[in-house]
Structures are given as structure tokens and as C-alpha cells.
>>> print(open('work35.txt').read())   # compact mmCIF, C-alpha atoms
# COMPACT_ATOMS: atom_id res chain seq x y z
CA MET K 12 -1.33 12.32 19.77
CA THR K 13 0.47 13.20 16.53
CA PRO K 14 -0.73 10.99 13.64
CA LEU K 15 1.90 8.78 12.06
CA LEU K 16 0.74 9.91 8.60
CA GLU K 17 -1.17 13.06 7.72
CA LEU K 18 -2.27 14.02 4.22
CA ASP K 19 -3.29 17.67 4.11
CA GLY K 20 -5.10 18.94 1.01
CA LEU K 21 -3.22 16.70 -1.43
CA THR K 22 -3.79 17.51 -5.08
CA ARG K 23 -2.22 15.97 -8.17
CA ARG K 24 -2.85 17.13 -11.74
CA TYR K 25 -1.66 15.71 -15.05
CA PRO K 26 -1.53 17.68 -18.32
CA ARG K 27 -3.75 16.47 -21.15
CA PRO K 28 -2.66 16.29 -24.80
CA ARG K 29 -3.40 19.51 -26.67
CA ARG K 30 -6.31 19.15 -29.14
CA HIS K 31 -6.35 22.72 -30.43
CA LEU K 32 -3.42 24.83 -31.51
CA LEU K 33 -4.46 27.94 -29.60
CA ARG K 34 -6.10 26.40 -26.55
CA ALA K 35 -4.61 24.15 -23.89
CA GLU K 36 -6.74 21.38 -22.44
CA PRO K 37 -7.64 21.59 -18.74
CA PRO K 38 -5.49 19.23 -16.65
CA LEU K 39 -6.69 15.86 -15.41
CA VAL K 40 -7.13 16.18 -11.64
CA ALA K 41 -6.26 12.69 -10.35
CA VAL K 42 -6.37 13.63 -6.66
CA ASP K 43 -8.32 16.70 -5.57
CA ASN K 44 -7.74 18.29 -2.14
CA VAL K 45 -7.71 15.05 -0.11
CA SER K 46 -7.01 15.18 3.63
CA VAL K 47 -6.82 12.18 5.96
CA THR K 48 -4.82 10.91 8.95
CA LEU K 49 -3.52 7.48 9.95
CA ASN K 50 -2.35 6.50 13.44
CA THR K 51 0.21 3.88 14.43
CA GLY K 52 -1.14 0.33 14.48
CA ARG K 53 -4.24 1.10 12.43
CA THR K 54 -5.21 0.25 8.87
CA LEU K 55 -6.75 2.83 6.55
CA GLY K 56 -8.59 1.41 3.56
CA ILE K 57 -8.77 3.53 0.42
CA VAL K 58 -11.46 2.39 -1.99
CA GLY K 59 -13.07 3.53 -5.20
CA GLU K 60 -13.53 2.48 -8.79
CA SER K 61 -10.69 2.45 -11.34
CA GLY K 62 -9.46 5.98 -11.98
CA SER K 63 -10.62 7.28 -8.60
CA GLY K 64 -7.10 8.35 -7.56
CA LYS K 65 -6.17 5.49 -5.20
CA THR K 66 -2.83 4.58 -6.77
CA THR K 67 -1.87 8.21 -7.38
CA LEU K 68 -2.40 8.87 -3.68
CA ALA K 69 -0.18 5.89 -2.80
CA ARG K 70 2.56 7.04 -5.17
CA MET K 71 2.61 10.46 -3.52
CA VAL K 72 2.86 8.91 -0.05
CA MET K 73 5.79 6.79 -1.28
CA GLY K 74 7.50 9.83 -2.80
CA PHE K 75 7.30 8.46 -6.35
CA GLU K 76 5.35 11.58 -7.35
CA ARG K 77 5.15 15.07 -5.88
CA PRO K 78 1.78 16.67 -5.19
CA ASP K 79 0.90 19.88 -6.98
CA ALA K 80 -0.63 21.18 -3.76
CA GLY K 81 -0.94 20.06 -0.16
CA ARG K 82 1.38 18.42 2.35
CA ILE K 83 2.41 14.94 3.49
CA LEU K 84 3.56 14.67 7.10
CA LEU K 85 5.20 11.65 8.72
CA ASP K 86 5.37 11.85 12.52
CA GLY K 87 4.51 15.53 12.22
CA ARG K 88 7.40 16.28 9.86
CA GLU K 89 6.64 17.43 6.34
CA ILE K 90 8.14 15.08 3.76
CA THR K 91 6.54 16.52 0.63
CA GLY K 92 9.61 18.17 -0.87
CA LEU K 93 12.46 15.96 0.30
CA SER K 94 15.48 15.46 -1.94
CA ALA K 95 16.16 12.08 -3.55
CA SER K 96 18.74 11.14 -0.89
CA GLU K 97 16.36 12.16 1.92
CA GLN K 98 13.60 10.13 0.28
CA ARG K 99 15.84 7.05 0.27
CA ARG K 100 16.51 7.43 3.99
CA ARG K 101 12.83 7.99 4.72
CA ARG K 102 11.89 4.88 2.75
CA ARG K 103 13.18 2.65 5.56
CA ALA K 104 10.10 3.81 7.48
CA VAL K 105 7.63 3.56 4.58
CA GLN K 106 7.55 0.50 2.32
CA MET K 107 5.18 -0.70 -0.39
CA VAL K 108 3.68 -3.99 -1.56
CA PHE K 109 2.56 -3.89 -5.19
CA GLN K 110 -0.27 -5.71 -6.97
CA ASP K 111 2.00 -7.77 -9.23
CA PRO K 112 4.80 -9.43 -7.21
CA PHE K 113 6.26 -11.10 -10.30
CA GLY K 114 6.66 -7.75 -12.01
CA SER K 115 8.37 -6.26 -8.94
CA LEU K 116 10.90 -9.10 -8.51
CA ASP K 117 13.99 -9.28 -10.72
CA PRO K 118 13.60 -12.57 -12.67
CA ARG K 119 17.39 -12.76 -13.21
CA ARG K 120 18.19 -12.70 -9.48
CA PRO K 121 17.49 -15.11 -6.60
CA VAL K 122 14.62 -13.85 -4.47
CA GLY K 123 16.95 -13.33 -1.50
CA TRP K 124 18.72 -10.64 -3.53
CA SER K 125 15.41 -8.87 -4.14
CA VAL K 126 14.32 -9.15 -0.50
CA ALA K 127 17.58 -7.53 0.64
CA GLN K 128 17.39 -4.69 -1.88
CA PRO K 129 15.90 -2.08 0.53
CA LEU K 130 18.76 -2.68 2.97
CA ARG K 131 21.39 -2.29 0.26
CA ALA K 132 19.71 0.92 -0.89
CA ALA K 133 20.04 2.20 2.67
CA GLY K 134 23.75 1.37 2.68
CA GLN K 135 23.70 -1.78 4.80
CA GLY K 136 26.40 -4.25 3.83
CA ASP K 137 25.70 -7.60 5.54
CA THR K 138 22.09 -8.50 4.71
CA ARG K 139 22.09 -12.31 4.98
CA THR K 140 20.70 -12.68 8.51
CA ALA K 141 18.02 -10.02 7.98
CA THR K 142 16.98 -11.65 4.68
CA GLU K 143 16.62 -15.09 6.24
CA ASP K 144 14.63 -13.62 9.14
CA ALA K 145 12.29 -11.73 6.79
CA LEU K 146 11.61 -14.85 4.71
CA ALA K 147 10.89 -16.86 7.87
CA ARG K 148 8.43 -14.24 9.12
CA VAL K 149 6.31 -14.62 5.98
CA GLY K 150 6.27 -18.42 6.16
CA LEU K 151 9.15 -19.26 3.82
CA SER K 152 12.45 -20.99 4.56
CA PRO K 153 15.90 -19.38 4.48
CA GLU K 154 16.81 -21.77 1.64
CA ASP K 155 14.08 -20.19 -0.51
CA GLY K 156 16.29 -17.13 -0.85
CA ALA K 157 18.47 -19.01 -3.35
CA ARG K 158 15.56 -19.79 -5.68
CA TYR K 159 14.22 -17.64 -8.54
CA PRO K 160 10.80 -15.93 -8.82
CA HIS K 161 9.47 -18.29 -11.52
CA GLU K 162 9.89 -21.22 -9.11
CA PHE K 163 7.19 -19.89 -6.77
CA SER K 164 3.41 -19.70 -6.92
CA GLY K 165 1.60 -16.35 -7.02
CA GLY K 166 0.84 -16.46 -3.30
CA GLN K 167 4.46 -17.32 -2.46
CA ARG K 168 5.72 -14.47 -4.63
CA GLN K 169 3.46 -12.08 -2.74
CA ARG K 170 4.93 -13.40 0.52
CA ILE K 171 8.38 -12.64 -0.90
CA ALA K 172 7.25 -9.11 -1.78
CA ILE K 173 5.98 -8.66 1.78
CA ALA K 174 9.30 -9.97 3.16
CA ARG K 175 11.10 -7.32 1.14
CA ALA K 176 8.74 -4.65 2.45
CA ILE K 177 9.22 -5.55 6.13
CA ILE K 178 12.98 -6.14 6.07
CA THR K 179 13.67 -2.51 7.04
CA ARG K 180 11.15 -2.73 9.93
CA PRO K 181 8.98 0.05 8.46
CA ARG K 182 6.41 1.95 10.47
CA LEU K 183 4.02 2.30 7.52
CA LEU K 184 3.19 -0.33 4.90
CA VAL K 185 1.44 0.78 1.70
CA ALA K 186 -0.38 -2.11 0.00
CA ASP K 187 -1.69 -1.25 -3.47
CA GLU K 188 -4.18 -3.95 -4.57
CA ALA K 189 -1.84 -6.43 -2.88
CA VAL K 190 -4.29 -9.37 -2.95
CA SER K 191 -6.48 -8.61 -5.97
CA ALA K 192 -4.54 -10.97 -8.29
CA LEU K 193 -4.77 -13.94 -5.90
CA ASP K 194 -7.46 -16.59 -5.65
CA VAL K 195 -9.80 -16.58 -2.66
CA SER K 196 -8.00 -19.11 -0.45
CA VAL K 197 -4.55 -17.58 -1.02
CA ARG K 198 -6.00 -14.10 -0.53
CA ALA K 199 -7.21 -15.07 2.95
CA GLN K 200 -3.75 -16.40 3.84
CA ILE K 201 -2.06 -13.16 2.76
CA LEU K 202 -4.59 -11.03 4.65
CA ASN K 203 -4.00 -13.07 7.80
CA LEU K 204 -0.25 -12.69 7.30
CA LEU K 205 -0.60 -8.91 7.03
CA MET K 206 -2.67 -8.81 10.23
CA ASP K 207 -0.10 -10.97 12.05
CA LEU K 208 2.76 -8.71 10.95
CA GLN K 209 0.82 -5.61 11.94
CA GLU K 210 0.29 -7.00 15.43
CA GLU K 211 3.92 -8.11 15.75
CA PHE K 212 5.56 -4.89 14.55
CA GLY K 213 2.87 -2.30 15.36
CA LEU K 214 2.62 -1.41 11.67
CA ALA K 215 0.27 1.16 10.27
CA MET K 216 -1.12 0.15 6.88
CA LEU K 217 -2.50 2.08 3.95
CA PHE K 218 -4.54 -0.59 2.17
CA ILE K 219 -5.69 0.34 -1.34
CA SER K 220 -8.35 -1.80 -2.95
CA HIS K 221 -11.41 -1.80 -5.17
CA ASP K 222 -12.78 -4.72 -3.13
CA LEU K 223 -14.89 -3.59 -0.19
CA ALA K 224 -15.30 -7.14 1.06
CA VAL K 225 -11.54 -7.40 1.59
CA VAL K 226 -11.42 -3.92 3.13
CA SER K 227 -14.16 -4.92 5.55
CA SER K 228 -12.06 -7.81 6.87
CA LEU K 229 -8.89 -5.78 7.41
CA CYS K 230 -9.40 -2.05 7.84
CA ASP K 231 -10.12 0.12 10.88
CA ASP K 232 -10.80 3.30 8.92
CA LEU K 233 -12.01 4.01 5.41
CA LEU K 234 -11.56 6.68 2.76
CA VAL K 235 -13.85 6.52 -0.26
CA LEU K 236 -12.58 8.26 -3.41
CA ARG K 237 -14.44 9.16 -6.57
CA GLY K 238 -12.87 11.12 -9.39
CA GLY K 239 -10.01 12.09 -7.09
CA LYS K 240 -12.29 13.57 -4.43
CA ALA K 241 -12.95 12.24 -0.92
CA VAL K 242 -16.61 11.19 -0.93
CA GLU K 243 -16.70 9.78 2.59
CA GLN K 244 -14.28 8.90 5.40
CA GLY K 245 -14.40 7.59 8.95
CA ALA K 246 -14.56 4.32 10.88
CA ALA K 247 -14.74 1.48 8.36
CA GLN K 248 -17.46 -0.58 10.00
CA GLN K 249 -19.62 2.50 10.62
CA ILE K 250 -19.43 3.53 6.96
CA LEU K 251 -20.05 0.00 5.71
CA ALA K 252 -23.06 -0.40 8.03
CA ALA K 253 -24.57 3.02 7.34
CA PRO K 254 -22.96 4.75 4.35
CA GLY K 255 -23.79 8.42 4.00
CA ALA K 256 -23.03 8.80 0.29
CA GLU K 257 -24.97 7.25 -2.57
CA TYR K 258 -21.69 6.35 -4.28
CA THR K 259 -20.56 4.37 -1.23
CA ARG K 260 -23.90 2.56 -1.13
CA THR K 261 -23.43 1.59 -4.77
CA LEU K 262 -19.94 0.20 -4.06
CA ILE K 263 -21.23 -1.81 -1.10
CA SER K 264 -24.14 -3.19 -3.08
CA ALA K 265 -21.83 -4.28 -5.89
CA ALA K 266 -19.37 -5.88 -3.46
CA ARG K 267 -21.97 -7.64 -1.29
CA VAL K 268 -19.81 -6.95 1.75
CA ALA K 269 -19.68 -9.81 4.26
CA PRO K 270 -19.34 -9.36 8.05
CA ARG K 271 -15.85 -8.51 9.23
CA VAL K 272 -13.48 -11.39 10.08
CA VAL K 273 -12.19 -11.00 13.63
CA LYS K 274 -8.92 -12.71 14.55
CA THR K 275 -8.52 -14.19 18.02
CA ARG K 276 -5.80 -16.17 19.79
CA GLU K 277 -7.69 -19.33 18.94
CA GLY K 278 -8.01 -18.52 15.26
CA THR K 279 -10.53 -16.72 13.09
CA ARG K 280 -14.21 -16.24 13.72
>>> encode(input="work35.txt", output="C-alpha cells")
Amino acid sequence: MTPLLELDGLTRRYPRPRRHLLRAEPPLVAVDNVSVTLNTGRTLGIVGESGSGKTTLARMVMGFERPDAGRILLDGREITGLSASEQRRRRRAVQMVFQDPFGSLDPRRPVGWSVAQPLRAAGQGDTRTATEDALARVGLSPEDGARYPHEFSGGQRQRIAIARAIITRPRLLVADEAVSALDVSVRAQILNLLMDLQEEFGLAMLFISHDLAVVSSLCDDLLVLRGGKAVEQGAAQQILAAPGAEYTRTLISAARVAPRVVKTREGTR
């Protein structure tokens, strides 16, 4: 079976400021030859400390940045060097939820306008019905679309950001620290919402976090990054139960990872 997403030898370098007149500084390698696959309906957790390359990897998947080496394939088709117009069309299939929902919502516009933005970018004219449906699917009312971001709590704003991400019915959802700014009870609600949406739409998710406890509750597979390099990857629960790398053991010890939460028809256990 062809993976939905395949990252093949991705590398991203950034130039450093020159310190000496006659000698250039070596580049900062943010992501270094990383390869991983993600299948439909599964969640891949990407973890590591700050500066490990997690967000850079996400930005390359979204097309916000181009890799210096390697390939990104979606459904077996390389998307690494697409033009801006091709990237816009592809973005219906790949959407992102950011860490700070308030920063990603236009404070001058009603939230319904922001939720519908991906459809307008794709050239769709009538967005009202789709906007109301997206808000309802994340637990908000159609009337909420007329309100402004400052009128909502942090958890509600993240629900609005998720509504905007799912309005195009994407196949892949990239969540970059999507629950790290929320308190524990709201975080659990958002995680359950993401799992419900994944089951309903058959979403694949790329879930980026520094919190292994959250990753343990959500992810099927795991990629551990350190200094831009892949330290360890494989089935999440296998790695968390028996990590092969000392760095992974250090992360687990610091996180005090709890047993995975398993959702059932009757609730959570």
C-alpha cells in the first residue's frame, strides 16, 4: 500500500551570520536527512526538545519552506517543488492547526470568516453551509460564526482553528503543539475531539509535540528528533515501553509518561 505521506531524506539548512570577513560560518542544519512514512488513518507523533527540528519539518510538509535536499510525496506523488498555485490546490488535502489559535485568527473579522478562508483560497464562492457544518463538528453553534475571536476562551479558539482546518475535508492534518497552551482539562477535550474527527473522516495526523504524555494518548507511531536527526522511530507504544536510545529514555523520564488512553464506544478508559 502506498503511504499517504512519505518524507525521503529531508534536509533543511539555514545560513548563519558571518563572524569573520574571509570565512563563512557553517549552516545551521535544522533537519538532517529525515525519512518517515505515514499511512491513512494513523497518527505520527514527532517529539523532541526545543530546536530539534519538529516545526521545520512541519513547515516543509505544509509547503511553507522548501527542503534543501530530499523529497516529500503525497499519495506517491512528489510535491516538493510545486509552484505557488499548485501548493494552494494541494492545501485542500493538507491542513494545519497551530499552537496559538488567537494569533492565527484575524481579530478584525468574525470567526466564521476565518473558518471559511481555506475554501475562499481554493476559489469556492458560497461557504456559509460548509462553515456552519465545520463549527458544529467541533462542538460550536452556527451562530458562533458571527462572533469575534476575543469573545471565546482559549479552548474554544482552538476548536475554531480545528474547524478551519477540517472545512476542506483534508486527508492529512498537521498539528504543531496544538494543545500545549491549554490547561489539562481543556487539553483532554481537544485531544478527544481530534480522535473523533480522525475516526469520522479517516484523517491521518502529523502530531508535533514536546509532551510525550500527550503523544502517548494519541499517536500510533513515533519519530524522535534531536538536533534535526532521527534518533528513533517506530510504533509509539513499543518505543515508549522499551526505548532504544538514551535520549528517548531521558525524554520519557522527564515526561513521566502515563498509560495510553483508549477510547471506546462507551467512553474513555
>>> residues_around(input="work35.txt", residues="Gly59 in chain K", least_positions_apart="2", cutoff="9 Å", atoms="only C-alpha atoms", output="MDAnalysis selection string")
chainID K and resid 57 61:65 219:223 234:238 259 262
>>> residues_around(input="work35.txt", residues="Gly20 in chain K", least_positions_apart="5", cutoff="7 Å", atoms="only C-alpha atoms", output="MDAnalysis selection string")
chainID K and resid 44:46 80:82
>>> closest_residue(input="work35.txt", among="K:Ala174, K:Leu208, K:Ile83, K:Ala127", to="Leu68 in chain K", atoms="all atoms listed in the file")
K:Ile83
>>> atom_distance(input="work35.txt", atom1="CA of Ser264 in chain K", atom2="CA of Ala199 in chain K")
21.5 Å
>>> closest_residue(input="work35.txt", among="K:Arg23, K:Arg148, K:Arg168, K:Asp43", to="Glu211 in chain K", atoms="all atoms listed in the file")
K:Arg148
>>> closest_residue(input="work35.txt", among="K:Glu36, K:Asp19, K:Asp79, K:Glu210", to="Leu49 in chain K", atoms="all atoms listed in the file")
K:Asp19
>>> decode(input="work35.txt", residues="range 30-60 of chain K", atoms="N, CA, C and O atoms", output="compact mmCIF listing (two decimals), in the first residue's frame")
# COMPACT_ATOMS: atom_id res chain seq x y z
N ARG K 30 30.75 35.83 10.94
CA ARG K 30 31.52 36.40 12.05
C ARG K 30 32.88 36.91 11.61
O ARG K 30 33.46 37.78 12.26
N HIS K 31 33.39 36.33 10.51
CA HIS K 31 34.71 36.71 10.02
C HIS K 31 34.60 37.15 8.57
O HIS K 31 33.83 36.58 7.79
N LEU K 32 35.33 38.13 8.21
CA LEU K 32 35.26 38.72 6.88
C LEU K 32 35.59 37.70 5.79
O LEU K 32 34.95 37.67 4.74
N LEU K 33 36.57 36.86 6.02
CA LEU K 33 37.05 35.96 4.97
C LEU K 33 36.55 34.53 5.13
O LEU K 33 36.95 33.66 4.34
N ARG K 34 35.73 34.27 6.11
CA ARG K 34 35.28 32.89 6.32
C ARG K 34 33.80 32.84 6.65
O ARG K 34 33.36 33.47 7.61
N ALA K 35 33.05 32.10 5.84
CA ALA K 35 31.62 31.93 6.09
C ALA K 35 31.40 30.91 7.20
O ALA K 35 32.17 29.95 7.35
N GLU K 36 30.36 31.12 7.97
CA GLU K 36 30.01 30.18 9.03
C GLU K 36 29.30 28.96 8.43
O GLU K 36 28.57 29.09 7.44
N PRO K 37 29.52 27.78 8.99
CA PRO K 37 28.78 26.61 8.51
C PRO K 37 27.29 26.80 8.77
O PRO K 37 26.91 27.43 9.75
N PRO K 38 26.43 26.28 7.90
CA PRO K 38 24.99 26.49 8.06
C PRO K 38 24.45 25.75 9.28
O PRO K 38 25.03 24.76 9.75
N LEU K 39 23.32 26.23 9.78
CA LEU K 39 22.59 25.52 10.82
C LEU K 39 21.73 24.46 10.14
O LEU K 39 20.87 24.79 9.32
N VAL K 40 21.96 23.20 10.47
CA VAL K 40 21.18 22.11 9.88
C VAL K 40 20.00 21.83 10.81
O VAL K 40 20.14 21.19 11.85
N ALA K 41 18.81 22.35 10.44
CA ALA K 41 17.63 22.22 11.29
C ALA K 41 17.00 20.84 11.18
O ALA K 41 16.47 20.31 12.16
N VAL K 42 17.01 20.28 9.97
CA VAL K 42 16.52 18.92 9.74
C VAL K 42 17.58 18.22 8.89
O VAL K 42 18.00 18.75 7.85
N ASP K 43 17.99 17.03 9.32
CA ASP K 43 19.14 16.37 8.71
C ASP K 43 18.80 14.95 8.25
O ASP K 43 18.77 14.01 9.03
N ASN K 44 18.46 14.83 6.95
CA ASN K 44 18.28 13.52 6.31
C ASN K 44 17.24 12.66 7.03
O ASN K 44 17.48 11.51 7.40
N VAL K 45 16.04 13.21 7.21
CA VAL K 45 14.97 12.51 7.92
C VAL K 45 14.05 11.82 6.92
O VAL K 45 13.59 12.43 5.96
N SER K 46 13.77 10.55 7.18
CA SER K 46 12.86 9.76 6.34
C SER K 46 11.82 9.09 7.24
O SER K 46 12.18 8.50 8.27
N VAL K 47 10.55 9.17 6.83
CA VAL K 47 9.48 8.55 7.61
C VAL K 47 8.25 8.45 6.73
O VAL K 47 8.11 9.20 5.75
N THR K 48 7.35 7.52 7.03
CA THR K 48 6.10 7.39 6.28
C THR K 48 4.91 7.46 7.23
O THR K 48 5.02 7.18 8.43
N LEU K 49 3.75 7.85 6.66
CA LEU K 49 2.52 7.94 7.43
C LEU K 49 1.38 7.43 6.56
O LEU K 49 1.19 7.90 5.44
N ASN K 50 0.62 6.46 7.09
CA ASN K 50 -0.49 5.87 6.35
C ASN K 50 -1.82 6.51 6.73
O ASN K 50 -1.96 7.09 7.82
N THR K 51 -2.80 6.39 5.86
CA THR K 51 -4.13 6.94 6.09
C THR K 51 -4.72 6.41 7.39
O THR K 51 -4.61 5.22 7.70
N GLY K 52 -5.32 7.31 8.17
CA GLY K 52 -5.99 6.91 9.40
C GLY K 52 -5.10 6.75 10.60
O GLY K 52 -5.57 6.45 11.70
N ARG K 53 -3.81 6.98 10.44
CA ARG K 53 -2.87 6.82 11.56
C ARG K 53 -2.33 8.17 12.00
O ARG K 53 -2.37 9.15 11.25
N THR K 54 -1.80 8.20 13.21
CA THR K 54 -1.23 9.42 13.76
C THR K 54 0.25 9.20 14.05
O THR K 54 0.61 8.26 14.77
N LEU K 55 1.07 10.05 13.47
CA LEU K 55 2.52 10.00 13.71
C LEU K 55 2.89 11.14 14.65
O LEU K 55 2.68 12.31 14.33
N GLY K 56 3.42 10.80 15.81
CA GLY K 56 3.91 11.80 16.74
C GLY K 56 5.36 12.13 16.44
O GLY K 56 6.17 11.23 16.20
N ILE K 57 5.68 13.41 16.45
CA ILE K 57 7.06 13.86 16.28
C ILE K 57 7.45 14.62 17.54
O ILE K 57 6.83 15.63 17.88
N VAL K 58 8.43 14.10 18.26
CA VAL K 58 8.79 14.67 19.55
C VAL K 58 10.28 15.00 19.59
O VAL K 58 11.08 14.50 18.81
N GLY K 59 10.62 15.84 20.55
CA GLY K 59 12.00 16.24 20.75
C GLY K 59 12.01 17.57 21.49
O GLY K 59 10.99 18.26 21.57
N GLU K 60 13.16 17.93 22.02
CA GLU K 60 13.26 19.19 22.75
C GLU K 60 13.18 20.38 21.80
O GLU K 60 13.19 20.21 20.58
